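*Asks:* Input file: coords37.cif. Contents: mmCIF, C-alpha atoms and all ligand atoms.
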data_model
#
loop_
_atom_site.label_atom_id
_atom_site.label_comp_id
_atom_site.auth_asym_id
_atom_site.auth_seq_id
_atom_site.Cartn_x
_atom_site.Cartn_y
_atom_site.Cartn_z
CA MET Q 1 0.00 0.00 0.00
CA ASP Q 2 1.62 3.22 -1.10
CA THR Q 3 0.43 5.53 1.64
CA ALA Q 4 2.24 8.37 3.34
CA ALA Q 5 2.57 6.16 6.40
CA GLU Q 6 4.20 3.44 4.33
CA GLY Q 7 6.60 5.96 2.85
CA ARG Q 8 7.55 7.20 6.31
CA ARG Q 9 8.06 3.66 7.47
CA ARG Q 10 10.44 2.88 4.62
CA GLU Q 11 12.44 6.06 5.23
CA ASN Q 12 12.47 5.35 8.90
CA TRP Q 13 13.93 1.87 8.48
CA ARG Q 14 16.60 3.11 6.13
CA GLU Q 15 17.57 6.03 8.29
CA ASP Q 16 21.25 5.87 9.16
CA VAL Q 17 21.63 7.60 12.49
CA ALA Q 18 24.36 7.16 15.08
CA GLY Q 19 23.10 4.85 17.78
CA ARG Q 20 20.68 3.10 15.42
CA ALA Q 21 21.38 -0.30 13.87
CA ASN Q 22 23.39 -0.19 10.63
CA VAL Q 23 24.95 -3.57 9.80
CA ALA Q 24 25.61 -4.67 6.21
CA ASP Q 25 24.84 -8.30 5.36
CA THR Q 26 27.85 -10.58 4.70
CA PRO Q 27 27.83 -14.32 3.94
CA GLU Q 28 29.20 -14.97 7.46
CA LEU Q 29 26.42 -12.93 9.05
CA GLU Q 30 23.73 -14.61 6.90
CA ALA Q 31 24.99 -18.01 8.03
CA TYR Q 32 25.06 -16.80 11.61
CA TYR Q 33 21.42 -15.58 11.33
CA ASP Q 34 20.37 -18.98 9.94
CA ALA Q 35 22.08 -20.75 12.83
CA LEU Q 36 20.34 -18.46 15.32
CA GLU Q 37 16.96 -19.02 13.67
CA ALA Q 38 17.36 -22.79 14.05
CA LEU Q 39 17.72 -22.15 17.79
CA SER Q 40 14.61 -19.88 17.92
CA MET Q 41 16.86 -16.88 18.38
CA GLY Q 42 17.66 -13.85 16.25
CA PRO Q 43 19.86 -10.74 16.05
CA LEU Q 44 18.16 -7.62 17.37
CA TRP Q 45 20.11 -5.30 15.08
CA THR Q 46 18.34 -6.45 11.88
CA VAL Q 47 14.93 -5.51 13.27
CA ALA Q 48 15.68 -2.85 15.92
CA ASN Q 49 14.71 0.11 13.73
CA LYS Q 50 11.46 -1.65 12.83
CA ILE Q 51 10.38 -2.70 16.30
CA GLU Q 52 11.49 0.58 17.88
CA PRO Q 53 10.37 3.20 15.31
CA TRP Q 54 10.88 6.92 15.95
CA HIS Q 55 7.14 7.33 16.24
CA PRO Q 56 4.10 5.04 15.82
CA VAL Q 57 4.04 3.47 12.34
CA PRO Q 58 0.70 1.64 12.21
CA ASP Q 59 -0.03 -1.28 9.91
CA SER Q 60 -3.54 0.17 9.72
CA VAL Q 61 -4.28 2.51 6.86
CA PRO Q 62 -7.03 5.13 6.69
CA VAL Q 63 -10.16 3.56 5.15
CA ILE Q 64 -13.67 4.80 4.40
CA TRP Q 65 -16.56 2.37 3.98
CA ARG Q 66 -19.33 4.31 2.30
CA TRP Q 67 -22.98 3.57 3.05
CA LYS Q 68 -23.68 3.40 -0.69
CA ASP Q 69 -21.44 0.29 -0.74
CA VAL Q 70 -22.15 -1.07 2.77
CA LYS Q 71 -25.95 -1.02 2.52
CA PRO Q 72 -26.25 -3.21 -0.61
CA ALA Q 73 -23.55 -5.56 0.74
CA ILE Q 74 -25.18 -6.14 4.13
CA SER Q 75 -28.67 -6.26 2.56
CA ARG Q 76 -27.74 -9.48 0.72
CA ALA Q 77 -26.97 -11.35 3.95
CA PRO Q 78 -30.61 -12.00 5.03
CA GLU Q 79 -31.24 -13.76 1.69
CA LEU Q 80 -28.36 -16.11 2.41
CA VAL Q 81 -28.18 -16.80 6.19
CA THR Q 82 -30.44 -16.61 9.23
CA PRO Q 83 -29.30 -15.17 12.58
CA GLU Q 84 -29.62 -18.72 13.99
CA GLN Q 85 -27.20 -20.06 11.40
CA ALA Q 86 -24.79 -17.15 11.63
CA GLY Q 87 -24.89 -16.59 15.39
CA ARG Q 88 -24.53 -12.92 14.50
CA ARG Q 89 -25.41 -11.84 10.95
CA VAL Q 90 -22.60 -9.36 10.54
CA ILE Q 91 -20.37 -8.10 7.75
CA MET Q 92 -16.96 -7.10 9.13
CA LEU Q 93 -15.19 -3.93 8.01
CA VAL Q 94 -11.59 -5.01 7.74
CA ASN Q 95 -8.52 -2.81 7.41
CA PRO Q 96 -6.32 -4.02 4.51
CA GLY Q 97 -3.28 -3.67 6.80
CA ARG Q 98 -4.87 -5.63 9.67
CA ARG Q 99 -6.64 -8.56 7.99
CA GLN Q 100 -5.11 -11.27 10.14
CA HIS Q 101 -6.44 -9.51 13.26
CA ALA Q 102 -9.94 -8.82 11.85
CA ALA Q 103 -9.33 -5.21 12.89
CA ALA Q 104 -10.90 -2.10 11.39
CA VAL Q 105 -8.05 -0.03 12.82
CA GLY Q 106 -5.38 -0.78 15.41
CA LEU Q 107 -6.89 -3.13 17.99
CA LEU Q 108 -10.52 -2.21 17.29
CA TYR Q 109 -13.02 -4.32 15.39
CA THR Q 110 -16.13 -2.99 13.66
CA GLY Q 111 -18.92 -4.44 11.54
CA VAL Q 112 -22.51 -3.90 10.47
CA GLN Q 113 -25.32 -6.20 11.58
CA ILE Q 114 -28.73 -6.62 9.97
CA MET Q 115 -31.91 -7.95 11.53
CA ASP Q 116 -35.44 -8.29 10.18
CA PRO Q 117 -38.70 -7.87 12.13
CA GLY Q 118 -39.38 -10.90 14.33
CA GLU Q 119 -35.74 -12.06 14.26
CA CYS Q 120 -33.65 -12.47 17.38
CA ALA Q 121 -30.04 -13.56 17.90
CA SER Q 122 -29.23 -15.78 20.88
CA ALA Q 123 -27.59 -14.52 24.07
CA HIS Q 124 -23.89 -14.79 24.75
CA ARG Q 125 -21.15 -13.05 26.65
CA HIS Q 126 -17.45 -12.54 26.09
CA MET Q 127 -14.41 -10.80 27.46
CA ALA Q 128 -14.48 -8.31 24.60
CA SER Q 129 -16.31 -5.04 25.32
CA ALA Q 130 -18.91 -4.10 22.73
CA LEU Q 131 -21.06 -1.20 21.61
CA ARG Q 132 -23.60 -0.49 18.91
CA PHE Q 133 -24.58 2.66 17.03
CA ILE Q 134 -27.94 2.28 15.30
CA MET Q 135 -27.91 3.13 11.60
CA GLU Q 136 -31.49 2.63 10.43
CA GLY Q 137 -34.78 0.88 11.08
CA SER Q 138 -37.28 0.79 13.94
CA GLY Q 139 -38.23 -1.71 16.62
CA ALA Q 140 -34.71 -2.94 17.45
CA PHE Q 141 -33.98 -3.98 21.00
CA THR Q 142 -31.12 -5.38 22.97
CA ILE Q 143 -31.19 -7.18 26.31
CA VAL Q 144 -28.11 -6.56 28.48
CA ASP Q 145 -27.83 -8.58 31.69
CA GLY Q 146 -31.61 -8.82 31.95
CA GLU Q 147 -32.40 -5.19 31.00
CA ARG Q 148 -34.32 -4.67 27.76
CA LEU Q 149 -33.47 -1.49 25.86
CA SER Q 150 -35.26 -0.22 22.76
CA LEU Q 151 -33.03 1.24 20.07
CA ASN Q 152 -33.71 4.02 17.60
CA ALA Q 153 -31.59 5.52 14.85
CA ARG Q 154 -28.28 6.98 16.16
CA ASP Q 155 -28.78 5.66 19.69
CA PHE Q 156 -25.57 4.42 21.28
CA VAL Q 157 -25.78 1.29 23.46
CA LEU Q 158 -23.20 -0.59 25.52
CA THR Q 159 -22.77 -4.32 26.00
CA PRO Q 160 -19.82 -4.20 28.40
CA ASN Q 161 -17.47 -7.14 28.80
CA GLY Q 162 -18.95 -10.07 30.68
CA THR Q 163 -22.58 -8.99 30.21
CA TRP Q 164 -25.09 -11.40 28.65
CA HIS Q 165 -26.46 -9.78 25.52
CA GLU Q 166 -28.82 -10.55 22.67
CA HIS Q 167 -30.53 -8.42 20.06
CA GLY Q 168 -33.67 -8.54 17.99
CA VAL Q 169 -36.32 -6.56 16.15
CA ASP Q 170 -39.98 -6.52 17.24
CA ALA Q 171 -42.39 -8.12 14.76
CA SER Q 172 -44.00 -4.67 14.31
CA GLY Q 173 -40.65 -3.02 13.44
CA THR Q 174 -38.75 -2.61 10.18
CA ARG Q 175 -35.44 -4.04 8.94
CA CYS Q 176 -32.68 -2.70 11.20
CA ILE Q 177 -29.00 -2.15 10.55
CA TRP Q 178 -26.51 -1.10 13.18
CA GLN Q 179 -22.78 -0.77 13.62
CA ASP Q 180 -21.04 -3.02 16.15
CA GLY Q 181 -17.75 -1.97 17.74
CA LEU Q 182 -15.62 -4.33 19.83
CA ASP Q 183 -12.10 -4.62 21.20
CA ILE Q 184 -11.74 -8.21 19.92
CA PRO Q 185 -8.25 -7.63 18.43
CA LEU Q 186 -7.08 -6.16 21.76
CA MET Q 187 -8.45 -9.12 23.73
CA ASN Q 188 -6.80 -11.52 21.30
CA ALA Q 189 -3.49 -9.59 21.36
CA LEU Q 190 -3.56 -9.98 25.14
CA ASP Q 191 -4.64 -13.64 24.87
CA ALA Q 192 -7.46 -12.77 27.26
CA ASN Q 193 -10.57 -13.61 25.22
CA PHE Q 194 -13.34 -15.88 26.48
CA TYR Q 195 -16.75 -16.62 24.93
CA GLU Q 196 -19.83 -18.33 26.34
CA VAL Q 197 -23.30 -19.07 24.96
CA HIS Q 198 -26.19 -18.47 27.38
CA PRO Q 199 -27.32 -21.79 28.93
CA ASN Q 200 -30.97 -21.06 27.93
CA LEU Q 201 -29.99 -19.55 24.55
CA ASN Q 202 -32.03 -16.45 25.43
CA GLN Q 203 -32.42 -14.34 28.55
CA THR Q 204 -35.65 -13.73 30.41
CA PRO Q 205 -35.48 -10.00 31.15
CA HIS Q 206 -35.68 -9.68 34.94
CA LEU Q 207 -34.94 -5.97 35.39
CA PRO Q 208 -37.21 -3.00 34.62
CA PRO Q 209 -36.97 -2.16 30.88
CA GLU Q 210 -34.71 0.89 30.33
CA GLY Q 211 -33.90 0.77 34.06
CA SER Q 212 -30.37 2.10 33.66
CA VAL Q 213 -31.68 5.05 31.63
CA ALA Q 214 -34.29 5.74 34.33
CA LEU Q 215 -31.69 5.70 37.11
CA TYR Q 216 -28.67 7.27 35.43
CA GLY Q 217 -29.79 8.99 32.23
CA ALA Q 218 -30.98 12.37 33.48
CA GLY Q 219 -27.74 13.88 34.78
CA LEU Q 220 -28.99 13.40 38.36
CA LEU Q 221 -27.98 10.52 40.59
CA GLN Q 222 -29.45 8.74 43.56
CA PRO Q 223 -27.81 9.49 46.92
CA THR Q 224 -24.38 7.95 47.47
CA GLU Q 225 -25.62 5.03 49.56
CA ALA Q 226 -28.16 3.93 46.94
CA ARG Q 227 -25.58 3.66 44.20
CA ALA Q 228 -22.68 2.37 46.28
CA ASN Q 229 -23.21 -1.23 45.10
CA TRP Q 230 -22.08 -0.46 41.56
CA ARG Q 231 -18.51 -1.78 41.55
CA LYS Q 232 -18.21 -2.73 37.90
CA PRO Q 233 -15.54 -1.13 35.71
CA TYR Q 234 -18.04 0.16 33.14
CA SER Q 235 -20.86 2.67 33.00
CA PRO Q 236 -24.11 1.62 34.71
CA LEU Q 237 -25.93 3.68 32.04
CA LEU Q 238 -26.28 1.37 29.03
CA LYS Q 239 -28.01 3.57 26.45
CA TYR Q 240 -27.34 7.14 25.32
CA SER Q 241 -30.14 8.48 23.15
CA TRP Q 242 -29.29 10.51 20.07
CA GLU Q 243 -31.82 13.21 20.90
CA ALA Q 244 -30.02 14.05 24.15
CA THR Q 245 -26.64 13.84 22.43
CA GLU Q 246 -27.53 16.25 19.64
CA GLU Q 247 -29.09 18.62 22.14
CA ALA Q 248 -26.00 18.54 24.37
CA LEU Q 249 -23.71 19.38 21.43
CA THR Q 250 -26.03 22.11 20.17
CA ARG Q 251 -26.17 23.69 23.63
CA ALA Q 252 -22.42 23.35 24.12
CA ALA Q 253 -21.88 25.27 20.87
CA ARG Q 254 -23.65 28.24 22.46
CA ALA Q 255 -21.35 28.18 25.47
CA SER Q 256 -17.98 27.19 24.03
CA ASP Q 257 -15.79 27.55 20.95
CA GLY Q 258 -14.90 23.89 21.32
CA SER Q 259 -11.61 22.44 20.17
CA PRO Q 260 -9.62 23.87 17.24
CA TYR Q 261 -8.98 20.26 16.14
CA ASP Q 262 -12.41 18.71 16.70
CA GLY Q 263 -15.04 21.43 16.85
CA ILE Q 264 -17.66 20.88 19.53
CA ILE Q 265 -16.74 17.47 20.94
CA MET Q 266 -18.15 15.70 23.99
CA ASP Q 267 -17.41 12.30 25.46
CA TYR Q 268 -20.06 9.76 26.37
CA VAL Q 269 -19.25 9.16 30.05
CA ASN Q 270 -19.87 6.85 32.95
CA PRO Q 271 -22.14 9.11 35.07
CA LEU Q 272 -20.64 7.78 38.31
CA THR Q 273 -17.04 8.60 37.47
CA GLY Q 274 -17.05 11.06 34.56
CA GLY Q 275 -14.67 8.55 32.96
CA PRO Q 276 -15.05 6.50 29.79
CA VAL Q 277 -18.06 4.26 29.20
CA MET Q 278 -15.96 1.07 29.28
CA PRO Q 279 -12.40 0.39 30.47
CA THR Q 280 -11.02 -0.31 27.00
CA ILE Q 281 -13.33 1.63 24.65
CA GLY Q 282 -14.34 5.28 24.84
CA ALA Q 283 -16.86 7.09 22.64
CA SER Q 284 -17.48 10.69 21.64
CA ALA Q 285 -19.88 12.72 19.59
CA GLN Q 286 -18.82 15.88 17.81
CA MET Q 287 -20.45 18.69 15.93
CA LEU Q 288 -18.81 20.60 13.13
CA ARG Q 289 -20.59 23.91 12.84
CA PRO Q 290 -21.75 25.12 9.41
CA GLY Q 291 -18.67 25.89 7.31
CA GLU Q 292 -16.28 24.73 10.06
CA ARG Q 293 -12.87 23.39 9.08
CA THR Q 294 -10.73 22.17 11.97
CA LYS Q 295 -6.95 22.38 12.29
CA ALA Q 296 -4.70 19.39 11.68
CA HIS Q 297 -3.14 17.40 14.49
CA ARG Q 298 -2.02 13.89 15.27
CA HIS Q 299 -2.20 11.78 18.42
CA THR Q 300 -1.90 8.22 19.59
CA GLY Q 301 -5.07 6.11 19.68
CA SER Q 302 -7.14 4.40 16.96
CA PHE Q 303 -10.50 5.89 15.94
CA VAL Q 304 -13.60 4.53 14.21
CA TYR Q 305 -16.05 7.20 13.04
CA GLN Q 306 -19.61 7.02 11.83
CA VAL Q 307 -21.19 10.07 10.22
CA ALA Q 308 -24.36 10.59 12.25
CA LYS Q 309 -25.69 13.61 10.32
CA GLY Q 310 -24.60 15.88 7.52
CA SER Q 311 -21.73 15.71 5.07
CA GLY Q 312 -18.19 16.94 4.80
CA TYR Q 313 -14.69 15.57 4.55
CA SER Q 314 -11.66 14.62 6.59
CA VAL Q 315 -8.08 14.96 5.43
CA ILE Q 316 -5.99 12.06 6.76
CA GLU Q 317 -2.26 12.02 5.95
CA GLY Q 318 -2.87 14.36 3.03
CA VAL Q 319 -5.71 12.34 1.48
CA ARG Q 320 -9.20 13.80 1.34
CA TYR Q 321 -12.08 11.46 2.32
CA ASP Q 322 -15.51 12.89 1.51
CA TRP Q 323 -18.22 11.55 3.77
CA THR Q 324 -21.94 11.64 4.21
CA GLU Q 325 -24.52 10.10 6.57
CA ARG Q 326 -23.78 6.54 7.78
CA ASP Q 327 -20.35 6.38 6.15
CA ILE Q 328 -17.78 4.77 8.45
CA PHE Q 329 -14.10 5.72 8.38
CA VAL Q 330 -11.04 5.07 10.51
CA ILE Q 331 -8.07 7.16 11.59
CA PRO Q 332 -5.00 5.14 12.60
CA SER Q 333 -2.80 6.14 15.52
CA TRP Q 334 -0.52 9.13 14.91
CA ALA Q 335 -2.06 9.89 11.49
CA ALA Q 336 -2.37 13.62 10.77
CA HIS Q 337 -6.04 14.53 10.43
CA GLU Q 338 -8.51 17.40 10.21
CA HIS Q 339 -12.26 17.59 9.55
CA ALA Q 340 -14.52 19.89 7.57
CA ASN Q 341 -18.27 20.42 7.32
CA ALA Q 342 -19.25 20.82 3.67
CA SER Q 343 -22.44 22.73 4.47
CA ASP Q 344 -22.61 26.45 5.20
CA THR Q 345 -26.10 26.12 6.65
CA ASP Q 346 -26.33 22.83 8.60
CA PRO Q 347 -24.16 21.33 11.32
CA ALA Q 348 -22.53 17.92 10.75
CA PHE Q 349 -22.35 15.32 13.52
CA LEU Q 350 -19.79 12.53 13.91
CA PHE Q 351 -19.99 9.60 16.31
CA CYS Q 352 -16.75 7.86 17.14
CA PHE Q 353 -15.31 5.16 19.35
CA HIS Q 354 -11.66 4.72 20.19
CA ASP Q 355 -9.08 3.12 22.45
CA LEU Q 356 -8.16 6.29 24.37
CA PRO Q 357 -9.12 4.71 27.73
CA VAL Q 358 -6.34 2.17 27.10
CA MET Q 359 -3.88 4.89 26.04
CA ARG Q 360 -4.72 7.08 29.02
CA SER Q 361 -4.77 4.37 31.67
CA LEU Q 362 -1.34 3.18 30.51
CA GLY Q 363 0.00 6.73 30.34
CA ILE Q 364 0.92 6.47 26.64
CA PHE Q 365 -1.32 9.12 25.09
CA ARG Q 366 0.59 11.72 23.12
CA GLU Q 367 -0.59 14.46 20.77
CA ALA Q 368 1.00 17.11 18.56
CA ALA Q 369 -0.25 19.91 16.34
CA LEU Q 370 1.19 20.04 12.82
CA ASP Q 371 3.43 23.00 11.95
CA GLU Q 372 0.87 24.24 9.42
CA PRO Q 373 -2.83 24.57 10.33
CA HIS Q 374 -3.85 22.46 7.31
CA GLN Q 375 -2.33 19.60 5.35
CA THR Q 376 -1.66 19.83 1.63
CA ILE Q 377 -4.24 17.60 -0.08
CA THR Q 378 -2.38 15.20 -2.36
CA ARG Q 379 -5.35 13.14 -3.52
CA THR Q 380 -9.06 12.50 -2.97
CA ALA Q 381 -10.07 8.95 -1.96
C1 LIG D 1 -20.93 -9.92 19.05
O1 LIG D 1 -21.19 -10.40 20.27
C2 LIG D 1 -21.89 -9.20 18.37
O2 LIG D 1 -23.44 -9.26 20.14
C3 LIG D 1 -21.59 -8.65 17.13
O3 LIG D 1 -24.14 -8.62 18.23
C4 LIG D 1 -20.38 -8.84 16.55
C5 LIG D 1 -18.18 -9.80 16.60
C6 LIG D 1 -17.24 -10.55 17.23
C7 LIG D 1 -17.49 -11.11 18.46
C8 LIG D 1 -18.69 -10.92 19.09
C9 LIG D 1 -23.25 -9.01 18.97
C10 LIG D 1 -19.40 -9.59 17.20
C11 LIG D 1 -19.67 -10.14 18.46
#
What would the structure in this file look like if it were written as structure tokens?
Ligand code: 1HN
*Replies:*
Amino acid sequence: MDTAAEGRRRENWREDVAGRANVADTPELEAYYDALEALSMGPLWTVANKIEPWHPVPDSVPVIWRWKDVKPAISRAPELVTPEQAGRRVIMLVNPGRRQHAAAVGLLYTGVQIMDPGECASAHRHMASALRFIMEGSGAFTIVDGERLSLNARDFVLTPNGTWHEHGVDASGTRCIWQDGLDIPLMNALDANFYEVHPNLNQTPHLPPEGSVALYGAGLLQPTEARANWRKPYSPLLKYSWEATEEALTRAARASDGSPYDGIIMDYVNPLTGGPVMPTIGASAQMLRPGERTKAHRHTGSFVYQVAKGSGYSVIEGVRYDWTERDIFVIPSWAAHEHANASDTDPAFLFCFHDLPVMRSLGIFREAALDEPHQTITRTA
């Protein structure tokens, strides 16, 4: 793949700097390397510049999956497999640089799932943390650890790690499509994944429907004693409605100039801690005001975006990606990026999830502005 990142990587490996490895191959050395390999050993100096780059050099490349391509692709699946056969009827969005990890970017997985009225997928749980962002349709629901939640377009719902979860669409609903996001590649990289099917195949909801929204969704909390039993590492609030999200961003725009790099951006938070919704995956919503074009920066962390409303473009490592509603795109770690709203009259809204909770809890988040406010656009994807 001939991307800017790839170019940097090649330069980086060739770079001849004092203190960095610089050993020419000789027949003696080649024979020595072969002998080491037979012993499951190897010289560090042939790979040192690769495994210790000057800055992150992701295998992931920027990718956009446009709704005009995703919708027809996922719409074929119901003709070919049932949710019972498939377990989950999902089309994965796979980064060309991360195929062997089934990753969309970095250590994050994403896919789109389709379900028809009256269908239901069985309950399971796993070590991976999961989320969904609803793309279209009505009557979808999910049951998370016994709590049934109804899902409308652009709602954001959590199925944190270890929770039993299943999804379906009411018989009175319409065909539903949503985006799934999981940290499967992270769990597999850590060799920490587990998976279990529910002993009864489906849950019997035993908690009040939308109970977490009733208790935690209004920005007010019960007294300390009443909520002291919540000791789990994820948000007790499981669903964040789009209506409240759009309103929060619209109000924030009246009170703040926002970020020069992201416009009006707000994190979905655990209401008990103000921290991220799950220990390994965070999520944000952002609004680009009419005509807004943000400044370019780069930072560590991998990002999966879905365009919730409006249209515009992002410039990632000098390449322009035009986007519109329901398009999904990814920004790899340390890639230079900036966003623009194409409309002079309407705001644009982006949903995104990312691994910043991992970066922050390990103390490895780093960010930098570019020298120039905007990148030179070398090509349009
Ligand atoms: C999963 O549990 C769902 O619950 C969707 O709908 C996609 C991909 C990999 C592993 C588990 C779901 C998944 C998944």
*Asks:* What are the closest atom pairs, with distances in Å to one decimal, for all residues of chain Q lying within 9 Å of ligand LIG 1 (chain D)? Consider all atoms listed in the file, order rows by chain and residue number, and present the result as a tab-separated table.
*Replies:*
residue	atom	partner	partner_atom	distance
Q:Gly87	CA	D:LIG1	O3	8.5
Q:Arg88	CA	D:LIG1	O3	5.7
Q:Arg89	CA	D:LIG1	C3	7.9
Q:Val90	CA	D:LIG1	C4	6.4
Q:Ile91	CA	D:LIG1	C4	8.8
Q:Met92	CA	D:LIG1	C5	8.0
Q:Tyr109	CA	D:LIG1	C5	7.6
Q:Thr110	CA	D:LIG1	C5	7.7
Q:Gly111	CA	D:LIG1	C4	6.8
Q:Val112	CA	D:LIG1	C4	8.1
Q:Gln113	CA	D:LIG1	C3	7.1
Q:Ala121	CA	D:LIG1	O3	7.7
Q:Ser122	CA	D:LIG1	O2	8.8
Q:Ala123	CA	D:LIG1	O2	7.8
Q:His124	CA	D:LIG1	O1	6.8
Q:Arg125	CA	D:LIG1	O1	6.9
Q:His126	CA	D:LIG1	O1	7.2
Q:Ala128	CA	D:LIG1	C7	7.4
Q:Ser129	CA	D:LIG1	O1	8.8
Q:Ala130	CA	D:LIG1	O1	7.1
Q:Leu131	CA	D:LIG1	C9	8.5
Q:Arg132	CA	D:LIG1	O3	8.2
Q:Thr159	CA	D:LIG1	O2	7.7
Q:Trp164	CA	D:LIG1	O2	8.9
Q:His165	CA	D:LIG1	O2	6.2
Q:Glu166	CA	D:LIG1	O2	6.1
Q:His167	CA	D:LIG1	O3	6.6
Q:Gln179	CA	D:LIG1	C3	8.7
Q:Asp180	CA	D:LIG1	C3	5.7
Q:Gly181	CA	D:LIG1	C4	7.5
Q:Leu182	CA	D:LIG1	C5	6.8
Q:Asp183	CA	D:LIG1	C6	8.8
Q:Ile184	CA	D:LIG1	C6	6.6
Q:Tyr195	CA	D:LIG1	C8	8.4
*Asks:* From the options Q:His337, Q:Arg289, Q:His198, Q:Arg254, which residue's atoms come nearest to Gly162 (chain Q), counting only C-alpha atoms?
*Replies:*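 Smallest distance to Gly162 (chain Q) is found for Q:His198.
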*Asks:* Do a neighbour search on Met187 (chain Q) at 8 Å with all atoms listed in the file, toss out local chain neighbours closer than 5 positions, and write the hits as a list of chain:residue names.
*Replies:*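 In the requested format, the answer is Q:Met127, Q:Ala128, Q:Ala192, Q:Asn193.
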*Asks:* Which residue, Q:Ala368, Q:Ala103, Q:Met41, Q:Ala381, has the smallest gap to Ser314 (chain Q) when you use only C-alpha atoms?
*Replies:*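 Nearest candidate to Ser314 (chain Q) out of Q:Ala368, Q:Ala103, Q:Met41, Q:Ala381: Q:Ala381.
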*Asks:* Residues at most 9 Å from Asp322 (chain Q), counting only C-alpha atoms, excluding those fewer than 3 positions away in the same chain, as a short mmCIF file (atom, residue, chain, number, x, y, z; two decimals) with C-alpha atoms, in the frame of the given file?
*Replies:*
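Final output, saved to result-v7.cif:
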data_model
loop_
_atom_site.label_atom_id
_atom_site.label_comp_id
_atom_site.auth_asym_id
_atom_site.auth_seq_id
_atom_site.Cartn_x
_atom_site.Cartn_y
_atom_site.Cartn_z
CA ILE Q 64 -13.67 4.80 4.40
CA SER Q 311 -21.73 15.71 5.07
CA GLY Q 312 -18.19 16.94 4.80
CA TYR Q 313 -14.69 15.57 4.55
CA SER Q 314 -11.66 14.62 6.59
CA VAL Q 315 -8.08 14.96 5.43
CA THR Q 380 -9.06 12.50 -2.97
CA ALA Q 381 -10.07 8.95 -1.96
#
*Asks:* For each of Q:Leu190, Q:Val358, Q:Val47, Q:Ala283, take the minimum atom-to-atom distance to Phe133 (chain Q), counting all atoms listed in the file, then give the residue where this is smallest.
*Replies:*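 Using all atoms listed in the file, the shortest distance to Phe133 (chain Q) belongs to Q:Ala283.
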*Asks:* At most 8 Å from (-32.9, -6.6, 11.8), file frame, only C-alpha atoms: which residues, as JSON, numbers by chain?
*Replies:* {"Q": [113, 114, 115, 116, 117, 119, 137, 140, 168, 169, 174, 175, 176, 177]}
*Asks:* Next, write the just-selected residues to a file, as an mmCIF file, keeping the file's coordinate frame, keeping C-alpha atoms as the atom set.
*Replies:*
data_model
loop_
_atom_site.group_PDB
_atom_site.id
_atom_site.type_symbol
_atom_site.label_atom_id
_atom_site.label_comp_id
_atom_site.auth_asym_id
_atom_site.auth_seq_id
_atom_site.Cartn_x
_atom_site.Cartn_y
_atom_site.Cartn_z
ATOM 1 C CA GLN Q 113 -25.320 -6.200 11.580
ATOM 2 C CA ILE Q 114 -28.730 -6.620 9.970
ATOM 3 C CA MET Q 115 -31.910 -7.950 11.530
ATOM 4 C CA ASP Q 116 -35.440 -8.290 10.180
ATOM 5 C CA PRO Q 117 -38.700 -7.870 12.130
ATOM 6 C CA GLU Q 119 -35.740 -12.060 14.260
ATOM 7 C CA GLY Q 137 -34.780 0.880 11.080
ATOM 8 C CA ALA Q 140 -34.710 -2.940 17.450
ATOM 9 C CA GLY Q 168 -33.670 -8.540 17.990
ATOM 10 C CA VAL Q 169 -36.320 -6.560 16.150
ATOM 11 C CA THR Q 174 -38.750 -2.610 10.180
ATOM 12 C CA ARG Q 175 -35.440 -4.040 8.940
ATOM 13 C CA CYS Q 176 -32.680 -2.700 11.200
ATOM 14 C CA ILE Q 177 -29.000 -2.150 10.550
#
*Asks:* Between Q:Met135, Q:Ala296, Q:Ala285, Q:Ala340, which is the closest to Asp371 (chain Q) once you count all atoms listed in the file?
*Replies:*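 Closest candidate: Q:Ala296.
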*Asks:* Kindly give the distance, in Å, that separates CA of Gly42 (chain Q) and CA of Ala24 (chain Q), rounded to a single decimal.
*Replies:*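 Straight-line distance from CA of Gly42 (chain Q) to CA of Ala24 (chain Q) works out to 15.8 Å.
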*Asks:* Nearest to Gln85 (chain Q): which of Q:Ser212, Q:Gly19, Q:Cys120, Q:Leu207 is it, counting only C-alpha atoms?
*Replies:*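 Using only C-alpha atoms, Gln85 (chain Q) sits closest to Q:Cys120.
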*Asks:* I need the residue nearest Phe194 (chain Q) from this list: Q:Asn161, Q:Ser256, Q:Val144, Q:Ala308. Use all atoms listed in the file for the distance.
*Replies:*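 Closest candidate: Q:Asn161.
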*Asks:* Give one line per residue of region 226-333 of chain Q that approaches region 69-80 of chain Q to at most 12 Å, naming the two atoms of the closest pair and their distance in Å to one decimal, counting all atoms listed in the file; sort by chain then ascending residue number and deliver it as a tab-separated table.
*Replies:*
residue	atom	partner	partner_atom	distance
Q:Glu325	CA	Q:Lys71	CA	11.9
Q:Arg326	CA	Q:Val70	CA	9.3
Q:Asp327	CA	Q:Val70	CA	8.4
Q:Ile328	CA	Q:Val70	CA	9.2
Q:Phe329	CA	Q:Val70	CA	11.9
*Asks:* For the atom pair CA of Gly219 (chain Q) and CA of Leu249 (chain Q), what is the interatomic distance in Å to one decimal place?
*Replies:*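 Between CA of Gly219 (chain Q) and CA of Leu249 (chain Q) the gap is 15.0 Å.
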*Asks:* So the first atom is CA of Glu243 (chain Q) and the second is CA of Asn270 (chain Q); what is the distance between them in Å, to one decimal place?
*Replies:*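 Separating CA of Glu243 (chain Q) from CA of Asn270 (chain Q) is a distance of 18.1 Å.
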*Asks:* Taking all listed atoms of region 218-233 of chain Q, build the axis-aligned box, pad each of the six sides by 6 Å, then write its centre and edge lengths in Å to one decimal as AutoDock Vina command-line options.
*Replies:*
--center_x -23.3 --center_y 5.6 --center_z 41.5 --size_x 27.4 --size_y 28.6 --size_z 28.1
